[in-house]
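J.: Below is the file my_file_25.txt, which contains compact mmCIF, C-alpha atoms and all ligand atoms.
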# COMPACT_ATOMS: atom_id res chain seq x y z
CA MET V 1 -19.01 3.25 34.34
CA LYS V 2 -16.48 5.06 32.21
CA LYS V 3 -16.47 3.86 28.63
CA LEU V 4 -13.35 2.04 27.47
CA ALA V 5 -11.06 4.41 25.58
CA LEU V 6 -11.19 4.16 21.79
CA HIS V 7 -7.64 2.90 21.31
CA TRP V 8 -8.35 -0.01 23.64
CA GLN V 9 -11.56 -0.76 21.83
CA ILE V 10 -9.72 -0.80 18.50
CA LEU V 11 -6.93 -2.97 19.91
CA ILE V 12 -9.45 -5.43 21.33
CA GLY V 13 -11.22 -5.46 17.96
CA MET V 14 -7.91 -6.24 16.25
CA PHE V 15 -6.94 -9.08 18.55
CA ALA V 16 -10.43 -10.55 18.55
CA GLY V 17 -10.39 -10.39 14.74
CA VAL V 18 -7.08 -12.23 14.47
CA LEU V 19 -8.20 -14.82 17.02
CA PHE V 20 -11.49 -15.35 15.28
CA GLY V 21 -9.72 -15.66 11.93
CA ILE V 22 -7.39 -18.35 13.33
CA LEU V 23 -10.33 -20.27 14.78
CA ALA V 24 -12.28 -19.92 11.55
CA ALA V 25 -9.33 -21.30 9.57
CA GLN V 26 -9.08 -24.22 12.02
CA PHE V 27 -12.75 -25.14 11.80
CA ASN V 28 -13.10 -24.43 8.13
CA TRP V 29 -15.48 -21.52 8.47
CA ASN V 30 -13.59 -19.61 5.81
CA GLN V 31 -16.57 -19.15 3.54
CA PHE V 32 -18.68 -17.91 6.43
CA VAL V 33 -16.06 -15.26 7.25
CA LEU V 34 -15.78 -14.18 3.64
CA ASP V 35 -19.55 -14.02 3.12
CA TRP V 36 -20.74 -12.63 6.43
CA ILE V 37 -17.87 -10.84 8.15
CA LYS V 38 -15.55 -9.45 5.51
CA PRO V 39 -18.28 -7.21 3.98
CA PHE V 40 -18.48 -5.24 7.23
CA GLY V 41 -14.78 -4.50 6.99
CA THR V 42 -15.26 -3.36 3.41
CA ILE V 43 -18.17 -1.13 4.47
CA PHE V 44 -15.99 0.41 7.17
CA ILE V 45 -13.12 1.18 4.79
CA ASN V 46 -15.53 2.49 2.18
CA SER V 47 -17.12 4.86 4.65
CA LEU V 48 -13.71 6.28 5.50
CA LYS V 49 -12.77 6.65 1.85
CA LEU V 50 -16.16 8.17 1.16
CA ILE V 51 -15.33 11.28 3.10
CA ALA V 52 -11.69 11.61 2.00
CA ILE V 53 -12.32 13.85 -1.03
CA PRO V 54 -15.00 16.08 0.57
CA LEU V 55 -12.72 16.40 3.61
CA ILE V 56 -9.74 17.49 1.53
CA VAL V 57 -11.83 19.98 -0.41
CA ALA V 58 -13.51 21.55 2.60
CA SER V 59 -10.55 21.66 4.95
CA LEU V 60 -7.95 22.68 2.40
CA ILE V 61 -10.09 25.53 1.07
CA LYS V 62 -10.72 26.67 4.62
CA GLY V 63 -7.05 26.28 5.50
CA ILE V 64 -5.68 28.19 2.51
CA SER V 65 -8.20 30.99 2.63
CA ASP V 66 -7.36 31.44 6.33
CA LEU V 67 -3.76 32.16 5.32
CA LYS V 68 -4.78 35.48 3.74
CA ASP V 69 -1.39 35.82 2.10
CA ILE V 70 0.21 33.84 -0.71
CA SER V 71 3.76 34.18 0.56
CA LYS V 72 2.75 32.15 3.65
CA LEU V 73 1.44 29.44 1.39
CA SER V 74 4.63 29.17 -0.62
CA GLN V 75 6.71 29.20 2.56
CA MET V 76 4.66 26.36 3.98
CA GLY V 77 4.70 24.50 0.66
CA GLY V 78 8.49 24.69 0.37
CA ARG V 79 9.05 23.41 3.90
CA THR V 80 6.53 20.62 3.49
CA ILE V 81 8.04 19.26 0.30
CA GLY V 82 11.60 19.71 1.62
CA LEU V 83 10.85 17.78 4.80
CA TYR V 84 9.00 15.06 2.92
CA ILE V 85 11.99 14.47 0.67
CA ILE V 86 14.46 14.46 3.58
CA THR V 87 12.46 11.95 5.64
CA THR V 88 12.06 9.68 2.62
CA ILE V 89 15.79 9.68 1.90
CA VAL V 90 16.51 8.88 5.56
CA ALA V 91 14.05 5.98 5.35
CA VAL V 92 15.53 4.46 2.18
CA SER V 93 19.07 4.79 3.51
CA LEU V 94 18.07 3.15 6.78
CA GLY V 95 16.50 0.28 4.83
CA LEU V 96 19.69 -0.20 2.80
CA VAL V 97 21.90 -0.24 5.88
CA ILE V 98 19.73 -2.84 7.61
CA VAL V 99 19.36 -5.16 4.62
CA ASN V 100 23.12 -5.06 4.01
CA ILE V 101 23.83 -5.97 7.62
CA ILE V 102 21.23 -8.73 8.01
CA GLN V 103 21.50 -10.03 4.43
CA PRO V 104 18.16 -11.88 4.55
CA GLY V 105 18.39 -12.95 0.89
CA LYS V 106 21.27 -15.24 1.68
CA LEU V 107 19.07 -17.15 4.17
CA ILE V 108 16.71 -18.33 1.42
CA SER V 109 17.38 -21.88 0.26
CA GLU V 110 17.30 -22.85 -3.40
CA GLU V 111 14.28 -25.03 -2.69
CA THR V 112 12.21 -22.30 -1.00
CA ARG V 113 13.07 -19.94 -3.80
CA THR V 114 11.68 -22.29 -6.43
CA GLU V 115 8.61 -22.96 -4.31
CA LEU V 116 7.88 -19.27 -3.87
CA MET V 117 8.53 -18.47 -7.52
CA ASN V 118 6.11 -21.19 -8.63
CA ALA V 119 3.43 -20.24 -6.15
CA TYR V 120 3.33 -16.52 -6.91
CA VAL V 121 4.43 -16.15 -10.50
CA THR V 122 0.95 -15.19 -11.75
CA ASP V 123 0.40 -12.57 -9.04
CA ALA V 124 3.84 -11.13 -9.67
CA ASN V 125 3.20 -10.92 -13.40
CA ALA V 126 0.01 -8.95 -12.81
CA LYS V 127 1.91 -6.35 -10.75
CA ILE V 128 4.68 -6.20 -13.35
CA ALA V 129 2.13 -5.54 -16.11
CA ASP V 130 0.56 -2.82 -13.97
CA ALA V 131 3.89 -1.12 -13.48
CA LYS V 132 4.85 -1.45 -17.15
CA SER V 133 1.74 0.41 -18.26
CA LYS V 134 2.79 3.26 -15.95
CA GLN V 135 6.33 3.27 -17.30
CA GLU V 136 5.33 3.50 -20.92
CA GLN V 137 4.30 7.12 -20.52
CA GLY V 138 6.91 9.86 -20.96
CA PRO V 139 9.19 11.18 -18.19
CA LEU V 140 7.01 14.21 -17.44
CA GLN V 141 3.80 12.22 -17.24
CA ALA V 142 3.75 12.43 -13.43
CA LEU V 143 3.65 16.21 -13.72
CA VAL V 144 0.97 16.15 -16.41
CA ASP V 145 -1.11 13.84 -14.22
CA ILE V 146 -1.32 16.46 -11.48
CA VAL V 147 -3.43 18.81 -13.59
CA PRO V 148 -6.90 17.36 -14.22
CA GLU V 149 -8.83 18.24 -17.33
CA ASN V 150 -12.10 17.97 -15.50
CA ILE V 151 -12.46 18.47 -11.77
CA ALA V 152 -15.70 16.54 -11.47
CA ALA V 153 -14.10 13.56 -13.18
CA ALA V 154 -10.99 13.83 -10.99
CA ALA V 155 -13.10 13.87 -7.84
CA THR V 156 -14.75 10.59 -8.76
CA ASP V 157 -11.66 8.53 -8.03
CA ASN V 158 -9.73 8.63 -4.75
CA ARG V 159 -6.56 7.75 -6.63
CA ASN V 160 -6.72 11.20 -8.19
CA MET V 161 -6.26 12.85 -4.83
CA LEU V 162 -3.30 14.87 -6.08
CA GLN V 163 -5.40 16.33 -8.89
CA VAL V 164 -8.09 17.36 -6.46
CA ILE V 165 -5.46 18.90 -4.17
CA PHE V 166 -4.06 20.84 -7.12
CA PHE V 167 -7.47 22.24 -8.02
CA VAL V 168 -8.28 23.12 -4.42
CA ILE V 169 -4.97 24.94 -3.92
CA VAL V 170 -5.58 27.01 -7.05
CA PHE V 171 -9.15 27.66 -5.90
CA GLY V 172 -7.90 28.74 -2.45
CA ILE V 173 -5.37 31.08 -4.03
CA GLY V 174 -8.19 32.59 -6.08
CA MET V 175 -10.12 33.18 -2.88
CA ILE V 176 -7.18 34.98 -1.26
CA LEU V 177 -6.85 37.24 -4.29
CA ILE V 178 -10.43 38.51 -4.44
CA PRO V 179 -11.90 41.10 -2.02
CA GLU V 180 -12.81 39.64 1.35
CA GLU V 181 -16.48 40.53 1.20
CA LYS V 182 -16.79 38.50 -1.99
CA SER V 183 -14.95 35.44 -0.72
CA LYS V 184 -16.69 35.40 2.67
CA PRO V 185 -19.84 33.50 1.66
CA VAL V 186 -17.73 30.85 -0.10
CA LYS V 187 -15.51 30.54 2.95
CA ASP V 188 -18.46 30.30 5.33
CA PHE V 189 -19.93 27.54 3.23
CA PHE V 190 -16.73 25.49 3.30
CA ASP V 191 -16.25 26.16 7.03
CA GLY V 192 -19.67 24.71 7.70
CA LEU V 193 -19.07 21.77 5.39
CA ASN V 194 -15.81 21.08 7.18
CA GLU V 195 -17.58 20.90 10.55
CA VAL V 196 -20.13 18.45 9.18
CA ILE V 197 -17.43 16.19 7.80
CA LEU V 198 -15.48 16.22 11.07
CA LYS V 199 -18.66 15.09 12.80
CA LEU V 200 -19.03 12.29 10.27
CA ILE V 201 -15.53 11.07 11.16
CA ASP V 202 -16.63 10.87 14.81
CA LEU V 203 -19.59 8.78 13.81
CA ILE V 204 -17.58 6.44 11.59
CA MET V 205 -14.96 5.95 14.30
CA LEU V 206 -17.62 4.60 16.62
CA ALA V 207 -17.72 1.60 14.31
CA ALA V 208 -13.91 1.27 14.17
CA PRO V 209 -13.54 -1.61 16.66
CA TYR V 210 -16.04 -3.70 14.69
CA GLY V 211 -14.59 -2.63 11.36
CA VAL V 212 -11.05 -3.67 12.26
CA PHE V 213 -12.37 -6.94 13.71
CA ALA V 214 -13.93 -7.80 10.35
CA LEU V 215 -10.89 -6.65 8.36
CA LEU V 216 -8.42 -8.69 10.35
CA ALA V 217 -10.57 -11.83 10.61
CA ALA V 218 -10.91 -11.87 6.81
CA LEU V 219 -7.22 -11.17 6.36
CA VAL V 220 -6.16 -14.12 8.52
CA VAL V 221 -8.54 -16.46 6.71
CA GLU V 222 -7.21 -15.39 3.33
CA SER V 223 -3.51 -15.44 4.19
CA PRO V 224 -1.14 -18.08 2.83
CA SER V 225 0.42 -20.89 4.82
CA LEU V 226 2.68 -20.30 7.79
CA ASP V 227 5.64 -22.19 6.27
CA LEU V 228 6.18 -19.54 3.65
CA PHE V 229 6.05 -16.85 6.29
CA ILE V 230 8.80 -18.57 8.21
CA ALA V 231 11.01 -18.88 5.14
CA LEU V 232 10.72 -15.14 4.69
CA LEU V 233 11.26 -14.28 8.33
CA GLY V 234 14.69 -12.69 7.81
CA TYR V 235 13.33 -10.40 5.12
CA ALA V 236 10.22 -9.52 7.12
CA ALA V 237 12.32 -8.89 10.21
CA SER V 238 14.56 -6.48 8.26
CA VAL V 239 11.58 -4.47 7.04
CA VAL V 240 9.90 -4.45 10.44
CA LEU V 241 13.13 -3.48 12.21
CA GLY V 242 13.59 -0.52 9.86
CA LEU V 243 9.99 0.57 10.22
CA GLY V 244 10.26 0.15 14.00
CA ILE V 245 13.28 2.47 14.08
CA LEU V 246 11.43 5.05 11.99
CA ILE V 247 8.27 4.92 14.07
CA GLY V 248 9.78 4.39 17.50
CA VAL V 249 12.98 6.43 17.28
CA PHE V 250 13.33 8.70 14.27
CA TYR V 251 9.93 10.42 14.20
CA PRO V 252 9.53 10.95 17.94
CA ALA V 253 13.12 12.23 18.10
CA MET V 254 12.40 14.76 15.33
CA VAL V 255 9.26 15.84 17.16
CA ARG V 256 11.15 16.12 20.42
CA ILE V 257 14.08 18.04 18.98
CA PHE V 258 12.15 20.45 16.79
CA THR V 259 8.93 20.98 18.71
CA GLY V 260 9.87 20.02 22.29
CA LYS V 261 6.83 17.70 22.55
CA SER V 262 7.36 14.47 24.48
CA TYR V 263 7.22 10.86 23.31
CA PRO V 264 4.01 9.96 25.19
CA PHE V 265 2.32 13.12 23.97
CA PHE V 266 3.10 12.23 20.37
CA PHE V 267 2.08 8.59 20.59
CA LYS V 268 -1.05 9.22 22.59
CA GLY V 269 -2.11 11.73 20.00
CA ILE V 270 -1.40 9.73 16.88
CA SER V 271 -2.00 6.10 17.95
CA PRO V 272 -5.64 5.71 16.81
CA ALA V 273 -4.55 6.76 13.32
CA GLN V 274 -1.67 4.26 13.52
CA LEU V 275 -3.99 1.45 14.53
CA LEU V 276 -6.30 2.29 11.69
CA ALA V 277 -3.42 2.50 9.20
CA PHE V 278 -2.38 -0.98 10.33
CA SER V 279 -5.88 -2.40 9.93
CA THR V 280 -6.73 -0.79 6.60
CA SER V 281 -3.27 -0.73 4.88
CA SER V 282 -4.29 2.54 3.29
CA SER V 283 -2.99 6.02 4.10
CA ALA V 284 -5.85 7.47 2.06
CA ALA V 285 -8.51 5.67 4.08
CA THR V 286 -6.78 6.71 7.30
CA LEU V 287 -6.43 10.37 6.27
CA PRO V 288 -9.65 11.66 7.88
CA VAL V 289 -8.59 10.26 11.24
CA THR V 290 -4.97 11.40 10.88
CA MET V 291 -6.21 14.93 10.26
CA GLU V 292 -8.48 14.93 13.24
CA ARG V 293 -5.87 13.49 15.60
CA VAL V 294 -3.17 15.89 14.48
CA GLU V 295 -5.41 18.91 14.88
CA GLU V 296 -7.19 18.01 18.06
CA HIS V 297 -4.55 16.05 19.91
CA LEU V 298 -1.18 17.21 18.63
CA GLY V 299 -1.98 20.92 18.46
CA VAL V 300 -1.31 21.50 14.76
CA GLU V 301 -3.52 24.31 13.52
CA GLU V 302 -6.01 23.41 10.87
CA GLU V 303 -4.54 25.53 8.10
CA VAL V 304 -1.27 23.60 8.36
CA ALA V 305 -2.78 20.14 8.92
CA SER V 306 -5.23 20.50 6.05
CA PHE V 307 -2.39 21.44 3.71
CA VAL V 308 0.41 19.14 4.83
CA LEU V 309 -1.49 15.90 5.51
CA PRO V 310 -3.44 15.31 2.27
CA ILE V 311 -0.28 16.02 0.28
CA GLY V 312 1.67 13.71 2.59
CA ALA V 313 -0.87 10.92 2.23
CA THR V 314 -0.28 10.95 -1.51
CA ILE V 315 3.42 11.69 -1.87
CA ASN V 316 5.20 11.02 1.42
CA MET V 317 5.64 7.31 1.99
CA ASP V 318 8.67 6.72 4.13
CA GLY V 319 7.60 3.22 5.12
CA THR V 320 7.01 2.28 1.50
CA SER V 321 10.38 3.60 0.37
CA LEU V 322 12.19 1.74 3.16
CA TYR V 323 10.39 -1.45 2.21
CA GLN V 324 11.23 -0.98 -1.47
CA ALA V 325 14.91 -0.63 -0.67
CA VAL V 326 14.96 -3.71 1.55
CA ALA V 327 12.89 -5.76 -0.90
CA ALA V 328 15.07 -4.82 -3.89
CA VAL V 329 18.31 -5.80 -2.17
CA PHE V 330 16.71 -8.92 -0.68
CA ILE V 331 15.65 -10.13 -4.12
CA ALA V 332 19.11 -9.36 -5.52
CA GLN V 333 20.71 -11.34 -2.67
CA ALA V 334 18.31 -14.26 -3.16
CA PHE V 335 19.30 -14.43 -6.84
CA GLY V 336 22.95 -14.23 -5.92
CA LEU V 337 23.46 -10.81 -7.52
CA ASP V 338 25.93 -8.46 -5.92
CA LEU V 339 24.85 -4.86 -6.04
CA THR V 340 27.58 -2.28 -6.35
CA LEU V 341 27.65 0.86 -4.25
CA GLY V 342 26.51 2.79 -7.33
CA GLY V 343 23.61 0.37 -7.74
CA GLN V 344 22.59 0.90 -4.13
CA LEU V 345 22.81 4.68 -4.47
CA GLY V 346 20.57 4.34 -7.53
CA ILE V 347 18.05 2.56 -5.32
CA ILE V 348 17.96 5.60 -3.02
CA VAL V 349 16.91 7.77 -5.95
CA THR V 350 14.42 5.39 -7.53
CA ALA V 351 12.86 4.25 -4.23
CA THR V 352 12.37 7.89 -3.23
CA LEU V 353 10.66 8.66 -6.53
CA ALA V 354 8.74 5.39 -6.59
CA SER V 355 7.33 6.00 -3.12
CA ILE V 356 6.17 9.45 -4.23
CA GLY V 357 4.43 7.78 -7.16
CA SER V 358 2.81 5.03 -5.07
CA ALA V 359 -0.91 5.44 -4.48
CA ALA V 360 -2.11 5.48 -0.87
CA VAL V 361 -3.92 2.16 -1.17
CA PRO V 362 -3.10 -1.44 -0.17
CA GLY V 363 -0.36 -3.06 -2.21
CA ALA V 364 0.57 0.04 -4.21
CA GLY V 365 4.15 0.03 -2.97
CA MET V 366 4.70 -3.36 -4.56
CA VAL V 367 3.68 -2.16 -8.02
CA MET V 368 6.19 0.66 -7.84
CA LEU V 369 8.82 -1.74 -6.56
CA VAL V 370 8.87 -3.19 -10.08
CA ILE V 371 10.32 0.11 -11.28
CA VAL V 372 13.00 0.11 -8.58
CA LEU V 373 13.96 -3.44 -9.55
CA GLY V 374 14.04 -2.58 -13.24
CA GLN V 375 16.33 0.41 -12.70
CA ALA V 376 18.71 -1.59 -10.54
CA GLY V 377 18.86 -4.46 -13.04
CA ILE V 378 17.30 -6.96 -10.61
CA PRO V 379 14.95 -9.56 -12.17
CA GLU V 380 11.40 -8.32 -11.74
CA ALA V 381 10.12 -11.87 -11.49
CA GLY V 382 11.72 -11.83 -8.04
CA LEU V 383 8.56 -10.11 -6.88
CA ALA V 384 7.11 -13.61 -6.58
CA LEU V 385 9.52 -14.23 -3.70
CA ILE V 386 8.01 -11.61 -1.46
CA PHE V 387 4.35 -11.91 -2.36
CA ALA V 388 3.37 -14.26 0.43
CA ILE V 389 4.31 -11.81 3.10
CA ASP V 390 3.45 -8.53 1.46
CA ARG V 391 0.16 -7.81 3.17
CA PRO V 392 1.43 -7.84 6.78
CA LEU V 393 4.38 -5.70 5.71
CA ASP V 394 2.01 -3.38 3.87
CA MET V 395 0.10 -2.93 7.13
CA CYS V 396 3.31 -2.02 8.96
CA ARG V 397 4.65 0.32 6.29
CA THR V 398 1.34 2.17 6.15
CA VAL V 399 1.74 2.91 9.89
CA ALA V 400 5.14 4.46 9.13
CA ASN V 401 3.69 6.43 6.21
CA VAL V 402 0.98 7.94 8.37
CA THR V 403 3.30 8.64 11.32
CA GLY V 404 5.77 10.35 8.97
CA ASP V 405 3.04 12.65 7.66
CA ALA V 406 1.96 13.55 11.18
CA THR V 407 5.56 14.28 12.18
CA VAL V 408 6.16 16.59 9.23
CA SER V 409 2.89 18.40 9.92
CA MET V 410 4.11 19.15 13.47
CA LEU V 411 7.50 20.33 12.24
CA VAL V 412 6.01 22.58 9.57
CA ALA V 413 3.44 23.94 12.05
CA LYS V 414 6.19 24.74 14.53
CA SER V 415 8.28 26.48 11.88
CA VAL V 416 5.43 28.79 10.87
CA GLY V 417 4.26 29.44 14.44
CA LYS V 418 1.10 27.34 14.14
CA LEU V 419 1.74 24.63 16.70
CA GLY V 420 -0.42 25.27 19.74
CA GLU V 421 -1.88 23.33 22.60
CA PRO V 422 -4.18 20.44 21.63
CA LYS V 423 -7.87 21.26 21.63
CA ALA V 424 -8.83 17.93 23.13
CA LYS V 425 -7.92 17.68 26.78
CA ASP V 426 -8.60 14.04 27.33
CA TRP V 427 -6.76 11.46 25.25
CA ASP V 428 -9.98 10.01 23.99
CA ASP V 429 -11.85 13.25 23.71
CA HIS V 430 -13.99 13.79 20.70
CA TYR V 431 -14.70 10.30 19.50
CA PRO V 432 -16.89 8.25 21.77
CA THR V 433 -19.24 10.99 22.77
CA ILE V 434 -21.61 12.41 20.25
CA GLU V 435 -22.81 15.59 21.85
CA THR V 436 -26.13 16.77 20.60
CA LYS V 437 -26.86 20.43 20.55
CA ALA V 438 -29.17 21.52 23.37
N1 LIG C 501 -0.44 0.80 1.54
C1 LIG C 501 0.51 1.89 1.56
C2 LIG C 501 -0.20 3.16 1.96
O1 LIG C 501 -1.37 3.33 1.74
C3 LIG C 501 1.20 2.07 0.25
C4 LIG C 501 2.08 0.86 -0.01
O2 LIG C 501 3.24 0.86 0.43
O3 LIG C 501 1.61 -0.11 -0.61
O4 LIG C 501 0.42 4.04 2.52
Please express the file's structure as structure tokens.

T.:
Amino acid sequence: MKKLALHWQILIGMFAGVLFGILAAQFNWNQFVLDWIKPFGTIFINSLKLIAIPLIVASLIKGISDLKDISKLSQMGGRTIGLYIITTIVAVSLGLVIVNIIQPGKLISEETRTELMNAYVTDANAKIADAKSKQEQGPLQALVDIVPENIAAAATDNRNMLQVIFFVIVFGIGMILIPEEKSKPVKDFFDGLNEVILKLIDLIMLAAPYGVFALLAALVVESPSLDLFIALLGYAASVVLGLGILIGVFYPAMVRIFTGKSYPFFFKGISPAQLLAFSTSSSAATLPVTMERVEEHLGVEEEVASFVLPIGATINMDGTSLYQAVAAVFIAQAFGLDLTLGGQLGIIVTATLASIGSAAVPGAGMVMLVIVLGQAGIPEAGLALIFAIDRPLDMCRTVANVTGDATVSMLVAKSVGKLGEPKAKDWDDHYPTIETKA
């Protein structure tokens, strides 16, 4: 019998997890889920994160040294950053248009507002303190943070991904500049390492259906009451509508227009990464799978994918920026503040920058939202209003973040003549079978 395709297995895992979580909450098995099921989800996410840094190092060094020419690197770099900024601005603007049309903040009653503020004030304060410590540094701190003082120390924390990328790019440039016979052994080593890591991703993905089951079951058990969700439905619907337009219309249209690849081709190729982004709420944890899908199923050559995607996972967060725009205006509306056009344009700038500064981990977008609120003169305590529903929205915005990165990688690949036919013929090729060498 043919094995069920991976995306179906993951989807079944997700639904079964949610169902199990609901049952567990009904029968009061919460502690059992937290003690005996949640750890498997954590193990699954950890194993993905475990290979993120080695993957970036190996594949980026291979990718850059394959370029053989620095002008190609700067051409690709310019296009990547340019496209990332454009897609983010589109996302924020879309969010602003939607939240101004739906006006979800006006649907919140005085009573619900007080209830939410009381329930989440402590959580909100923790995020505000987090954001404040970031703000206290000078204006150029973000730039200073890119250059690590010690590469071994930088590589010990996945949040320093940008520092590792910086070092690896410089290292790759060094390799291009020395004679080929000298750089060859280094390149061969990293080529081999890259192959090993890609195989590890295959192995980890075999556990994906069980991993997402555990993640979602624990999430349902830990989530707050349904009443609060309902009160925030208008806000959640605005965010989800915006993200839906990005994922379902904007990205595939860009792919179609600029690369000529069809809707089904794009979605078939990227969907396992989307499902994983949804289950883990982390672009960084999803990165290994995004890279593999884009290379093997969307036809982006490795030297482009290994450059564009790790940078995208850290700085390109279209979903996050859209959410920040909607959330900021929603909070302003709920407090009865009217934002001027200038104020809203300010949100475009700060949400774009804040999404660049958000780490690719669960909940990071909310910390940076504090900065957007501060700049726009909206009370930061309003964060308490949206806490209850942040996790599900985080899951959705992470899907948009990952899809946006994949889209830009296709566009950049096309523009530098590196978009070919996918290596994998079958949709599910690569993952479920572990071929052993004869
Ligand atoms: N969880 C998001 C990501 O990893 C970031 C955020 O918006 O919180 O892409």

J.: Using only C-alpha atoms and all ligand atoms, what are the residues with an atom within 9 Å of ligand LIG 501 (chain C), set out as a PyMOL selection string?

T.: chain V and resi 277+280-286+313-314+316-321+323-324+355+358-368+390-391+393-402

J.: Can you tell me, as a list of chain:residue names, what residues are no more than 8 Å from Pro288 (chain V) when counting all atoms listed in the file, ignoring any on the same chain fewer than 5 positions away?

T.: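 So, after excluding close chain neighbours, the residues are V:Leu48, V:Ile51, V:Ala52, V:Leu55, V:Ile201.
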
J.: Near Tyr120 (chain V), counting only C-alpha atoms, which residues have an atom at most 8 Å away, once you skip same-chain residues fewer than 6 positions from it, shown as a ChimeraX atom specification?

T.: /V:384-385,387-388

J.: Would you mind reading off the distance between CA of Gln333 (chain V) and CA of Leu243 (chain V), one decimal, in Å?

T.: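 Separation between CA of Gln333 (chain V) and CA of Leu243 (chain V): 20.6 Å.
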
J.: Would you pick out the contacts of His297 (chain V) at 6 Å or less, using all atoms listed in the file, so that residues sharing its chain but fewer than 2 positions from it are not included, and give the list as a list in words?

T.: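 Here the qualifying residues turn out to be Gly269, Arg293, Val294, Glu295, Gly299, Pro422 and Ala424 of chain V.
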
J.: Would you kindly identify which residues have an atom no farther than 9 Å from (3.3, 24.9, 20.6), using only C-alpha atoms and the file's own coordinates, and write them out as an NGL selection string?

T.: :V and (259-261 or 299-300 or 413-414 or 417-422)

J.: Between V:Val326, V:Leu287, V:Leu369, V:Val220, single out the one closest to Leu19 (chain V), counting all atoms listed in the file.

T.: V:Val220

J.: Point out the residue among V:Asn125, V:Val308, V:Val408, V:Glu110 with the least atom-to-atom distance to Pro252 (chain V), counting all atoms listed in the file.

T.: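 Between V:Asn125, V:Val308, V:Val408, V:Glu110, the residue approaching Pro252 (chain V) most closely is V:Val408.
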
J.: Might you pull out every residue within 12 Å of Ser183 (chain V), with all atoms listed in the file counted and same-chain residues fewer than 3 positions away left off, and present them as a list in words?

T.: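 My list of contacting residues is Ile61, Lys62, Ser65, Asp66, Lys68, Phe171, Gly172, Ile173, Gly174, Met175, Ile176, Leu177, Ile178, Pro179, Glu180, Val186, Lys187, Asp188, Phe189 and Phe190 of chain V.
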
J.: Find the distance between CA of Lys72 (chain V) and CA of Lys184 (chain V) and write it in Å to one decimal.

T.: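 Straight-line distance from CA of Lys72 (chain V) to CA of Lys184 (chain V) works out to 19.7 Å.
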
J.: What is the CA of Gly82 (chain V)-CA of Leu67 (chain V) distance in Å, reported with one decimal?

T.: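 These two atoms are separated by 20.1 Å.
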
J.: Which is closest to Ile165 (chain V) among V:Ser409, V:Thr290, V:Gln344, V:Ser59, if we use only C-alpha atoms?

T.: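 Using only C-alpha atoms, the shortest distance to Ile165 (chain V) belongs to V:Ser59.
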